[in-house]
$ cat upload.cif   # mmCIF, C-alpha atoms
data_protein
#
loop_
_atom_site.label_atom_id
_atom_site.label_comp_id
_atom_site.auth_asym_id
_atom_site.auth_seq_id
_atom_site.Cartn_x
_atom_site.Cartn_y
_atom_site.Cartn_z
CA MET A 1 97.36 27.06 24.53
CA GLU A 2 99.98 24.45 25.31
CA PHE A 3 103.23 24.10 23.38
CA LEU A 4 104.47 20.54 22.93
CA ARG A 5 108.03 19.94 21.68
CA PRO A 6 108.83 16.24 21.16
CA ALA A 7 112.47 15.35 20.55
CA SER A 8 111.87 12.32 18.33
CA TRP A 9 109.34 10.91 15.88
CA ALA A 10 108.20 8.32 18.44
CA ASP A 11 107.64 11.10 20.98
CA ALA A 12 105.69 13.11 18.39
CA LEU A 13 103.37 10.17 17.64
CA ALA A 14 102.85 9.58 21.36
CA ALA A 15 102.02 13.25 21.92
CA LYS A 16 99.55 13.27 19.02
CA ALA A 17 97.90 10.09 20.33
CA GLU A 18 97.49 11.67 23.75
CA ARG A 19 96.38 15.05 22.41
CA PRO A 20 94.54 14.52 19.07
CA GLY A 21 93.57 18.19 19.03
CA ALA A 22 97.19 19.35 18.98
CA VAL A 23 98.05 21.09 15.69
CA PRO A 24 101.42 20.11 14.17
CA ILE A 25 103.72 23.00 13.31
CA GLN A 26 106.93 22.89 11.28
CA GLY A 27 107.67 26.12 9.46
CA GLY A 28 104.50 27.72 10.81
CA THR A 29 103.94 29.68 7.62
CA ASP A 30 100.23 28.78 7.53
CA VAL A 31 99.38 27.99 11.17
CA MET A 32 100.91 31.12 12.69
CA VAL A 33 99.09 33.38 10.23
CA GLU A 34 95.77 31.82 11.27
CA ILE A 35 96.62 32.18 14.96
CA ASN A 36 97.80 35.78 14.57
CA PHE A 37 94.54 36.72 12.84
CA ASP A 38 92.51 34.75 15.41
CA VAL A 39 91.11 32.48 12.72
CA ARG A 40 92.23 29.44 14.70
CA ARG A 41 92.89 28.83 18.37
CA PRO A 42 94.08 25.22 18.84
CA GLU A 43 94.25 23.64 22.27
CA ALA A 44 97.94 22.88 21.71
CA LEU A 45 100.73 23.27 19.17
CA LEU A 46 102.91 20.27 18.38
CA ASP A 47 106.31 21.59 17.32
CA LEU A 48 107.98 19.09 14.96
CA ASN A 49 111.12 21.12 14.27
CA PRO A 50 113.33 19.08 16.67
CA VAL A 51 112.39 15.81 14.89
CA LYS A 52 115.45 15.29 12.70
CA GLU A 53 113.98 12.34 10.76
CA LEU A 54 111.47 14.69 9.12
CA ALA A 55 114.23 16.84 7.59
CA GLU A 56 115.80 13.97 5.62
CA TRP A 57 115.24 12.50 2.16
CA ASP A 58 116.54 9.37 0.49
CA VAL A 59 116.08 7.05 -2.48
CA ALA A 60 113.99 3.94 -1.73
CA ASP A 61 114.70 0.46 -3.05
CA ASP A 62 112.08 0.91 -5.79
CA GLY A 63 113.82 4.05 -7.05
CA ARG A 64 111.27 6.49 -5.70
CA LEU A 65 112.27 9.48 -3.63
CA ARG A 66 111.10 9.51 -0.02
CA VAL A 67 111.09 13.14 1.12
CA GLY A 68 110.57 13.94 4.79
CA ALA A 69 107.70 16.24 5.68
CA GLY A 70 110.16 18.70 7.26
CA VAL A 71 112.37 19.27 4.20
CA PRO A 72 111.90 22.99 3.37
CA TYR A 73 111.19 24.39 -0.07
CA ALA A 74 114.68 25.86 -0.36
CA ARG A 75 116.26 22.44 0.01
CA LEU A 76 113.80 20.87 -2.42
CA ILE A 77 114.95 23.40 -5.01
CA ALA A 78 118.67 23.04 -4.29
CA GLU A 79 118.90 19.29 -3.66
CA LEU A 80 116.06 17.76 -5.70
CA GLY A 81 115.40 20.29 -8.45
CA ASP A 82 117.03 18.11 -11.10
CA ARG A 83 114.93 15.06 -10.13
CA LEU A 84 111.66 16.84 -9.35
CA PRO A 85 111.64 19.84 -11.71
CA GLY A 86 107.89 20.47 -11.52
CA LEU A 87 107.90 20.54 -7.74
CA ALA A 88 111.01 22.72 -7.75
CA GLN A 89 109.32 25.21 -10.09
CA ALA A 90 106.30 25.34 -7.77
CA SER A 91 108.56 25.74 -4.73
CA ARG A 92 110.25 28.76 -6.31
CA THR A 93 106.87 30.53 -6.46
CA VAL A 94 106.18 30.10 -2.73
CA GLY A 95 106.35 33.36 -0.79
CA SER A 96 109.68 35.03 -0.09
CA PRO A 97 113.14 33.48 0.49
CA GLN A 98 112.39 33.51 4.21
CA ILE A 99 109.19 31.52 3.67
CA ARG A 100 110.96 29.06 1.37
CA ASN A 101 113.59 28.50 4.04
CA ARG A 102 110.95 27.66 6.64
CA GLY A 103 107.92 26.33 4.77
CA THR A 104 107.60 22.65 3.86
CA ILE A 105 105.57 20.40 1.59
CA GLY A 106 104.49 18.53 4.73
CA GLY A 107 102.98 21.73 6.10
CA ASN A 108 101.43 22.47 2.71
CA LEU A 109 99.76 19.05 2.76
CA GLY A 110 98.62 19.46 6.35
CA ALA A 111 97.00 22.82 5.60
CA ALA A 112 95.38 21.27 2.48
CA SER A 113 94.60 24.65 0.97
CA PRO A 114 93.10 24.48 -2.52
CA ALA A 115 95.71 27.10 -3.48
CA GLY A 116 98.74 25.21 -2.12
CA ASP A 117 101.52 25.52 -4.70
CA GLY A 118 103.05 22.14 -3.92
CA HIS A 119 99.89 20.15 -4.54
CA PRO A 120 99.53 20.19 -8.36
CA PRO A 121 103.04 18.77 -9.01
CA LEU A 122 102.43 16.01 -6.45
CA LEU A 123 99.22 15.09 -8.26
CA ALA A 124 100.85 15.22 -11.69
CA GLY A 125 103.74 13.09 -10.48
CA GLY A 126 101.56 10.43 -8.85
CA ALA A 127 102.89 11.00 -5.33
CA GLU A 128 101.87 9.09 -2.23
CA ILE A 129 101.70 10.54 1.27
CA GLU A 130 103.15 8.51 4.14
CA VAL A 131 101.24 9.06 7.39
CA GLU A 132 101.60 7.32 10.72
CA SER A 133 99.92 6.94 14.10
CA ALA A 134 101.23 5.35 17.28
CA ARG A 135 98.36 2.85 17.37
CA ARG A 136 97.82 1.91 13.71
CA GLY A 137 101.28 2.39 12.26
CA VAL A 138 102.02 3.56 8.72
CA ARG A 139 99.62 3.92 5.81
CA MET A 140 100.12 5.33 2.32
CA ILE A 141 97.58 7.71 0.78
CA PRO A 142 97.70 8.54 -2.94
CA ALA A 143 97.88 12.30 -3.44
CA ALA A 144 94.67 12.17 -5.49
CA GLU A 145 92.84 10.80 -2.42
CA PHE A 146 94.50 12.96 0.22
CA PHE A 147 92.45 16.14 -0.19
CA THR A 148 88.88 15.71 1.03
CA GLY A 149 87.50 19.25 1.18
CA VAL A 150 88.39 22.91 1.60
CA LYS A 151 91.42 22.84 3.91
CA ALA A 152 90.56 19.24 4.83
CA ASN A 153 92.57 16.09 4.31
CA ALA A 154 92.39 12.35 4.88
CA LEU A 155 94.43 12.36 8.10
CA ARG A 156 92.87 10.73 11.15
CA ASP A 157 92.95 12.51 14.50
CA ASP A 158 96.03 10.68 15.77
CA GLU A 159 98.04 10.67 12.52
CA LEU A 160 100.95 12.82 11.42
CA ILE A 161 102.48 13.28 7.97
CA ARG A 162 105.92 11.73 7.87
CA ALA A 163 106.97 11.96 4.19
CA PHE A 164 105.85 11.92 0.60
CA TRP A 165 106.98 9.38 -2.00
CA ILE A 166 107.36 10.26 -5.66
CA ALA A 167 109.25 8.88 -8.63
CA PRO A 168 111.99 11.07 -10.12
CA ALA A 169 110.88 12.73 -13.32
CA SER A 170 111.10 10.40 -16.30
CA GLY A 171 110.09 13.18 -18.70
CA PRO A 172 109.62 16.96 -18.78
CA GLN A 173 107.57 18.62 -16.06
CA TYR A 174 106.20 22.15 -15.75
CA PHE A 175 104.28 24.22 -13.22
CA ALA A 176 102.67 27.60 -13.83
CA LYS A 177 100.35 29.84 -11.88
CA VAL A 178 98.46 33.09 -12.24
CA GLY A 179 98.56 35.62 -9.42
CA THR A 180 97.55 39.20 -8.81
CA ARG A 181 101.23 40.17 -8.87
CA ASN A 182 104.53 38.52 -9.84
CA ALA A 183 105.79 37.34 -6.43
CA MET A 184 104.68 36.53 -2.87
CA VAL A 185 101.12 35.87 -3.97
CA ILE A 186 98.42 33.26 -3.47
CA ALA A 187 97.54 31.61 -6.77
CA VAL A 188 94.42 32.73 -8.60
CA CYS A 189 94.83 29.34 -10.29
CA SER A 190 97.72 26.99 -11.00
CA PHE A 191 98.48 23.99 -13.17
CA ALA A 192 101.13 21.28 -13.33
CA VAL A 193 101.90 18.79 -16.07
CA ALA A 194 104.26 15.80 -16.05
CA LEU A 195 105.08 13.58 -19.01
CA HIS A 196 105.63 9.90 -18.23
CA PRO A 197 107.04 8.57 -21.52
CA GLU A 198 107.74 5.05 -20.24
CA ARG A 199 104.01 4.65 -19.65
CA ARG A 200 102.93 6.94 -22.48
CA ARG A 201 100.97 8.94 -19.94
CA VAL A 202 100.40 12.59 -19.09
CA GLY A 203 99.88 13.59 -15.45
CA THR A 204 98.14 16.78 -14.37
CA GLY A 205 97.29 18.75 -11.27
CA LEU A 206 95.30 21.94 -10.86
CA GLY A 207 95.10 24.27 -7.91
CA SER A 208 92.99 27.16 -6.63
CA ALA A 209 90.18 26.25 -8.99
CA ALA A 210 88.06 23.78 -6.99
CA PRO A 211 87.34 22.94 -3.33
CA THR A 212 90.40 20.69 -3.43
CA PRO A 213 93.49 20.34 -5.60
CA ARG A 214 92.62 17.76 -8.26
CA ARG A 215 93.70 16.04 -11.45
CA ALA A 216 92.20 16.73 -14.85
CA THR A 217 91.72 13.07 -15.72
CA ALA A 218 89.84 13.60 -19.00
CA ALA A 219 92.64 15.89 -20.20
CA GLU A 220 95.22 13.29 -19.16
CA GLU A 221 93.48 10.51 -21.06
CA PHE A 222 93.02 12.66 -24.15
CA ALA A 223 96.64 13.82 -24.34
CA SER A 224 98.04 10.39 -23.50
CA ALA A 225 96.16 8.93 -26.49
CA GLU A 226 96.82 11.78 -28.95
CA LEU A 227 100.53 12.49 -28.42
CA ASP A 228 103.07 10.86 -30.72
CA TRP A 229 105.30 9.25 -28.10
CA THR A 230 107.94 8.44 -30.72
CA GLY A 231 108.77 12.14 -30.49
CA ARG A 232 108.80 12.59 -34.27
CA ARG A 233 106.03 15.18 -34.45
CA PRO A 234 105.55 18.56 -32.79
CA LEU A 235 102.46 19.18 -30.72
CA ASP A 236 99.35 19.65 -32.83
CA PRO A 237 97.81 23.04 -31.86
CA ALA A 238 94.36 21.40 -31.92
CA VAL A 239 95.52 18.82 -29.37
CA ALA A 240 96.96 21.54 -27.13
CA ARG A 241 93.75 23.56 -27.40
CA ARG A 242 91.53 20.59 -26.57
CA PHE A 243 93.81 19.65 -23.68
CA GLY A 244 93.34 23.15 -22.27
CA GLU A 245 89.58 22.94 -22.66
CA LEU A 246 89.42 19.62 -20.83
CA ALA A 247 91.68 20.90 -18.07
CA ALA A 248 89.40 23.91 -17.56
CA ALA A 249 86.35 21.65 -17.57
CA ALA A 250 87.83 19.70 -14.63
CA ALA A 251 87.68 22.81 -12.45
CA SER A 252 84.81 23.98 -10.28
CA PRO A 253 86.01 27.44 -9.28
CA ILE A 254 84.35 30.23 -7.32
CA ASP A 255 84.22 34.00 -7.57
CA ASP A 256 86.34 35.64 -4.88
CA VAL A 257 88.54 38.69 -4.29
CA ARG A 258 91.36 37.19 -6.40
CA GLY A 259 89.35 36.33 -9.49
CA THR A 260 86.07 35.19 -10.97
CA ALA A 261 85.17 31.61 -11.79
CA ARG A 262 85.01 32.53 -15.48
CA TYR A 263 88.50 34.02 -15.40
CA ARG A 264 89.91 31.00 -13.58
CA ARG A 265 88.55 28.61 -16.20
CA HIS A 266 89.98 30.73 -18.99
CA ALA A 267 93.37 31.01 -17.26
CA LEU A 268 93.51 27.27 -16.58
CA ALA A 269 92.93 26.53 -20.25
CA VAL A 270 95.82 28.84 -21.14
CA LEU A 271 98.14 27.42 -18.46
CA ALA A 272 97.38 23.84 -19.48
CA ARG A 273 97.94 24.57 -23.16
CA ARG A 274 101.22 26.37 -22.49
CA THR A 275 102.68 23.88 -20.02
CA LEU A 276 101.88 20.93 -22.27
CA SER A 277 103.50 22.76 -25.19
CA TRP A 278 106.65 23.51 -23.18
CA ALA A 279 106.89 19.94 -21.92
CA TRP A 280 106.30 18.43 -25.35
CA ASN A 281 108.87 20.70 -27.00
CA ASP A 282 111.42 19.56 -24.41
CA TYR A 283 110.48 15.93 -24.99
CA VAL A 284 110.83 16.16 -28.79
CA ALA A 285 114.15 18.00 -28.49
CA GLY A 286 115.44 15.35 -26.11
CA ARG A 287 114.40 12.53 -28.44
CA ARG A 288 116.13 14.18 -31.39
CA ALA A 289 119.31 14.69 -29.39
CA SER A 290 119.48 11.08 -28.22
#

$ encode --input "upload.cif" --output "structure tokens"
Amino acid sequence: MEFLRPASWADALAAKAERPGAVPIQGGTDVMVEINFDVRRPEALLDLNPVKELAEWDVADDGRLRVGAGVPYARLIAELGDRLPGLAQASRTVGSPQIRNRGTIGGNLGAASPAGDGHPPLLAGGAEIEVESARRGVRMIPAAEFFTGVKANALRDDELIRAFWIAPASGPQYFAKVGTRNAMVIAVCSFAVALHPERRRVGTGLGSAAPTPRRATAAEEFASAELDWTGRRPLDPAVARRFGELAAAAASPIDDVRGTARYRRHALAVLARRTLSWAWNDYVAGRRAS
């Protein structure tokens, strides 16, 4: 196995074009586990740690945040937690402090695991993934179109993930997950909700409950139409309950060592109901205070 270590983004793209089979590695929190357990034996590793551009974030002209694929979870929490609260909550549930210091959303996206903790908040927030190749240049992929199968994504052989783009939260956001213990655990299922009051829209994302992370679009449409966006009324328990049912119906889970399909659907309904309630309570309180 060869080890490639480009010094710049241009060098990384050139290396990937020359060796399409090279597997990118940043924190290595997913790739190295697979290699150590002999699940994967790539022809080459493409180390992106020296590429400084990937470890930066900024605010674009349209107000969206452009976050480099190499920004680790710990920095997302510390530097962007106030602007991306749902993603920060999800980042806090990832592994141990050591993993959060090394792991990245870019690596999470590249691995494309159905259980990736960063995926549901990206879906709920309407993120786009910026990818690039030396030959074709840059293209933007909506998060909802990025995941194509179990641990499969929409990247072409010569493309690398450069950043993700997402608008700062315009309303309350929440992320919750169920695991077999309280910390350092792969999700049995997870759910994210984001309120977008300026558009009177609810965004969702669910994880570890289908072959890919996905939105619960029927639940989004239902809640968006039923909520009182003036903020004068508390959340109707019937609306919360129906929202949970529709979120669970969007899943297509399996039975595995972490949980049964039946349990996952039940847990998703509970998580969706709770996160919407928390978000709506925050929204109403904010409206009353303003």

$ atom_distance --input "upload.cif" --atom1 "CA of Gly231 in chain A" --atom2 "CA of Leu276 in chain A"
13.9 Å

$ resolve_selection --input "upload.cif" --expression "the PyMOL selection byres ((chain A and resi 239-255) around 9)" --output "PDB file with C-alpha atoms, keeping the file's coordinate frame"
ATOM      1  CA  PHE A 191      98.480  23.990 -13.170  1.00  0.00           C
ATOM      2  CA  THR A 204      98.140  16.780 -14.370  1.00  0.00           C
ATOM      3  CA  LEU A 206      95.300  21.940 -10.860  1.00  0.00           C
ATOM      4  CA  GLY A 207      95.100  24.270  -7.910  1.00  0.00           C
ATOM      5  CA  SER A 208      92.990  27.160  -6.630  1.00  0.00           C
ATOM      6  CA  ALA A 209      90.180  26.250  -8.990  1.00  0.00           C
ATOM      7  CA  ALA A 210      88.060  23.780  -6.990  1.00  0.00           C
ATOM      8  CA  PRO A 211      87.340  22.940  -3.330  1.00  0.00           C
ATOM      9  CA  ARG A 214      92.620  17.760  -8.260  1.00  0.00           C
ATOM     10  CA  ARG A 215      93.700  16.040 -11.450  1.00  0.00           C
ATOM     11  CA  ALA A 216      92.200  16.730 -14.850  1.00  0.00           C
ATOM     12  CA  THR A 217      91.720  13.070 -15.720  1.00  0.00           C
ATOM     13  CA  ALA A 218      89.840  13.600 -19.000  1.00  0.00           C
ATOM     14  CA  ALA A 219      92.640  15.890 -20.200  1.00  0.00           C
ATOM     15  CA  GLU A 220      95.220  13.290 -19.160  1.00  0.00           C
ATOM     16  CA  PHE A 222      93.020  12.660 -24.150  1.00  0.00           C
ATOM     17  CA  ALA A 223      96.640  13.820 -24.340  1.00  0.00           C
ATOM     18  CA  GLU A 226      96.820  11.780 -28.950  1.00  0.00           C
ATOM     19  CA  LEU A 227     100.530  12.490 -28.420  1.00  0.00           C
ATOM     20  CA  LEU A 235     102.460  19.180 -30.720  1.00  0.00           C
ATOM     21  CA  ASP A 236      99.350  19.650 -32.830  1.00  0.00           C
ATOM     22  CA  PRO A 237      97.810  23.040 -31.860  1.00  0.00           C
ATOM     23  CA  ALA A 238      94.360  21.400 -31.920  1.00  0.00           C
ATOM     24  CA  ASP A 256      86.340  35.640  -4.880  1.00  0.00           C
ATOM     25  CA  VAL A 257      88.540  38.690  -4.290  1.00  0.00           C
ATOM     26  CA  ARG A 258      91.360  37.190  -6.400  1.00  0.00           C
ATOM     27  CA  GLY A 259      89.350  36.330  -9.490  1.00  0.00           C
ATOM     28  CA  THR A 260      86.070  35.190 -10.970  1.00  0.00           C
ATOM     29  CA  ALA A 261      85.170  31.610 -11.790  1.00  0.00           C
ATOM     30  CA  ARG A 262      85.010  32.530 -15.480  1.00  0.00           C
ATOM     31  CA  TYR A 263      88.500  34.020 -15.400  1.00  0.00           C
ATOM     32  CA  ARG A 264      89.910  31.000 -13.580  1.00  0.00           C
ATOM     33  CA  ARG A 265      88.550  28.610 -16.200  1.00  0.00           C
ATOM     34  CA  HIS A 266      89.980  30.730 -18.990  1.00  0.00           C
ATOM     35  CA  ALA A 267      93.370  31.010 -17.260  1.00  0.00           C
ATOM     36  CA  LEU A 268      93.510  27.270 -16.580  1.00  0.00           C
ATOM     37  CA  ALA A 269      92.930  26.530 -20.250  1.00  0.00           C
ATOM     38  CA  VAL A 270      95.820  28.840 -21.140  1.00  0.00           C
ATOM     39  CA  LEU A 271      98.140  27.420 -18.460  1.00  0.00           C
ATOM     40  CA  ALA A 272      97.380  23.840 -19.480  1.00  0.00           C
ATOM     41  CA  ARG A 273      97.940  24.570 -23.160  1.00  0.00           C
ATOM     42  CA  ARG A 274     101.220  26.370 -22.490  1.00  0.00           C
ATOM     43  CA  LEU A 276     101.880  20.930 -22.270  1.00  0.00           C
ATOM     44  CA  SER A 277     103.500  22.760 -25.190  1.00  0.00           C
TER      45      SER A 277
END

$ resolve_selection --input "upload.cif" --expression "the PyMOL selection byres ((chain A and resi 172-178) around 8)" --output "ChimeraX atom specification"
/A:85-87,89-90,120-121,169-171,179-180,187-195,267,271,275-276,278-280,282-283

$ resolve_selection --input "upload.cif" --expression "the PyMOL selection byres ((chain A and resi 17-31) around 9)" --output "VMD selection string"
chain A and resid 2 to 4 12 to 16 32 to 36 40 42 to 49 69 to 70 72 99 101 to 104 106 to 108 110 to 111 133 to 135 156 to 160

$ residues_around --input "upload.cif" --residues "range 62-68 of chain A" --least-positions-apart "4" --cutoff "12 Å" --atoms "all atoms listed in the file" --output "MDAnalysis selection string"
chainID A and resid 9 26 48:49 51:58 72:73 75:76 79:80 83:84 87 104:107 122 125:131 140 160:170

$ atom_distance --input "upload.cif" --atom1 "CA of Asp11 in chain A" --atom2 "CA of Val71 in chain A"
19.3 Å

$ closest_residue --input "upload.cif" --among "A:Asp61, A:His196, A:Thr148, A:Ile77" --to "Arg92 in chain A" --atoms "all atoms listed in the file"
A:Ile77

$ closest_residue --input "upload.cif" --among "A:Met1, A:Ala183, A:Ala112, A:Ala289" --to "Ser96 in chain A" --atoms "all atoms listed in the file"
A:Ala183

$ atom_distance --input "upload.cif" --atom1 "CA of Leu155 in chain A" --atom2 "CA of Gly137 in chain A"
12.8 Å

$ closest_residue --input "upload.cif" --among "A:Ser290, A:Gly116, A:Ala124, A:Pro50" --to "Ser8 in chain A" --atoms "only C-alpha atoms"
A:Pro50

$ closest_residue --input "upload.cif" --among "A:Thr93, A:Gln98, A:Thr230, A:Ser224" --to "Val202 in chain A" --atoms "only C-alpha atoms"
A:Ser224

$ build_atoms --input "upload.cif" --residues "range 77-87 of chain A" --atoms "all heavy atoms" --output "mmCIF file, in the frame of the given file"
data_model
loop_
_atom_site.group_PDB
_atom_site.id
_atom_site.type_symbol
_atom_site.label_atom_id
_atom_site.label_comp_id
_atom_site.auth_asym_id
_atom_site.auth_seq_id
_atom_site.Cartn_x
_atom_site.Cartn_y
_atom_site.Cartn_z
ATOM 1 N N ILE A 77 114.438 22.755 -3.806
ATOM 2 C CA ILE A 77 114.950 23.400 -5.010
ATOM 3 C C ILE A 77 116.420 23.055 -5.216
ATOM 4 O O ILE A 77 116.836 22.657 -6.310
ATOM 5 C CB ILE A 77 114.765 24.928 -4.912
ATOM 6 C CG1 ILE A 77 113.278 25.285 -4.844
ATOM 7 C CG2 ILE A 77 115.441 25.635 -6.083
ATOM 8 C CD1 ILE A 77 113.010 26.717 -4.407
ATOM 9 N N ALA A 78 117.227 23.201 -4.163
ATOM 10 C CA ALA A 78 118.670 23.040 -4.290
ATOM 11 C C ALA A 78 119.097 21.584 -4.442
ATOM 12 O O ALA A 78 120.017 21.275 -5.212
ATOM 13 C CB ALA A 78 119.364 23.653 -3.064
ATOM 14 N N GLU A 79 118.436 20.675 -3.717
ATOM 15 C CA GLU A 79 118.900 19.290 -3.660
ATOM 16 C C GLU A 79 118.133 18.343 -4.577
ATOM 17 O O GLU A 79 118.658 17.296 -4.972
ATOM 18 C CB GLU A 79 118.829 18.784 -2.216
ATOM 19 C CG GLU A 79 119.691 19.587 -1.251
ATOM 20 C CD GLU A 79 119.448 19.219 0.201
ATOM 21 O OE1 GLU A 79 118.971 18.086 0.476
ATOM 22 O OE2 GLU A 79 119.717 20.073 1.086
ATOM 23 N N LEU A 80 116.898 18.678 -4.920
ATOM 24 C CA LEU A 80 116.060 17.760 -5.700
ATOM 25 C C LEU A 80 115.500 18.389 -6.978
ATOM 26 O O LEU A 80 114.705 17.763 -7.667
ATOM 27 C CB LEU A 80 114.898 17.255 -4.833
ATOM 28 C CG LEU A 80 115.307 16.370 -3.652
ATOM 29 C CD1 LEU A 80 114.118 16.133 -2.714
ATOM 30 C CD2 LEU A 80 115.865 15.045 -4.138
ATOM 31 N N GLY A 81 115.930 19.598 -7.291
ATOM 32 C CA GLY A 81 115.400 20.290 -8.450
ATOM 33 C C GLY A 81 115.633 19.563 -9.755
ATOM 34 O O GLY A 81 114.810 19.639 -10.674
ATOM 35 N N ASP A 82 116.757 18.832 -9.859
ATOM 36 C CA ASP A 82 117.030 18.110 -11.100
ATOM 37 C C ASP A 82 116.172 16.863 -11.228
ATOM 38 O O ASP A 82 115.879 16.410 -12.339
ATOM 39 C CB ASP A 82 118.515 17.724 -11.171
ATOM 40 C CG ASP A 82 118.962 16.879 -9.980
ATOM 41 O OD1 ASP A 82 118.308 16.930 -8.915
ATOM 42 O OD2 ASP A 82 119.972 16.158 -10.130
ATOM 43 N N ARG A 83 115.726 16.294 -10.110
ATOM 44 C CA ARG A 83 114.930 15.060 -10.130
ATOM 45 C C ARG A 83 113.431 15.326 -10.042
ATOM 46 O O ARG A 83 112.629 14.485 -10.470
ATOM 47 C CB ARG A 83 115.373 14.141 -9.000
ATOM 48 C CG ARG A 83 116.694 13.440 -9.303
ATOM 49 C CD ARG A 83 117.191 12.610 -8.143
ATOM 50 N NE ARG A 83 118.053 13.381 -7.266
ATOM 51 C CZ ARG A 83 118.867 12.837 -6.365
ATOM 52 N NH1 ARG A 83 118.909 11.514 -6.231
ATOM 53 N NH2 ARG A 83 119.629 13.593 -5.606
ATOM 54 N N LEU A 84 113.065 16.470 -9.473
ATOM 55 C CA LEU A 84 111.660 16.840 -9.350
ATOM 56 C C LEU A 84 111.477 18.266 -9.875
ATOM 57 O O LEU A 84 111.164 19.189 -9.121
ATOM 58 C CB LEU A 84 111.209 16.751 -7.882
ATOM 59 C CG LEU A 84 111.320 15.379 -7.210
ATOM 60 C CD1 LEU A 84 110.976 15.482 -5.724
ATOM 61 C CD2 LEU A 84 110.406 14.370 -7.899
ATOM 62 N N PRO A 85 111.663 18.461 -11.186
ATOM 63 C CA PRO A 85 111.640 19.840 -11.710
ATOM 64 C C PRO A 85 110.309 20.554 -11.543
ATOM 65 O O PRO A 85 110.270 21.755 -11.288
ATOM 66 C CB PRO A 85 112.007 19.660 -13.185
ATOM 67 C CG PRO A 85 111.696 18.225 -13.503
ATOM 68 C CD PRO A 85 111.957 17.468 -12.228
ATOM 69 N N GLY A 86 109.193 19.831 -11.686
ATOM 70 C CA GLY A 86 107.890 20.470 -11.520
ATOM 71 C C GLY A 86 107.682 20.965 -10.102
ATOM 72 O O GLY A 86 107.216 22.092 -9.881
ATOM 73 N N LEU A 87 108.044 20.139 -9.142
ATOM 74 C CA LEU A 87 107.900 20.540 -7.740
ATOM 75 C C LEU A 87 108.859 21.668 -7.395
ATOM 76 O O LEU A 87 108.524 22.561 -6.615
ATOM 77 C CB LEU A 87 108.129 19.327 -6.832
ATOM 78 C CG LEU A 87 107.807 19.513 -5.350
ATOM 79 C CD1 LEU A 87 106.349 19.922 -5.156
ATOM 80 C CD2 LEU A 87 108.094 18.227 -4.574
#
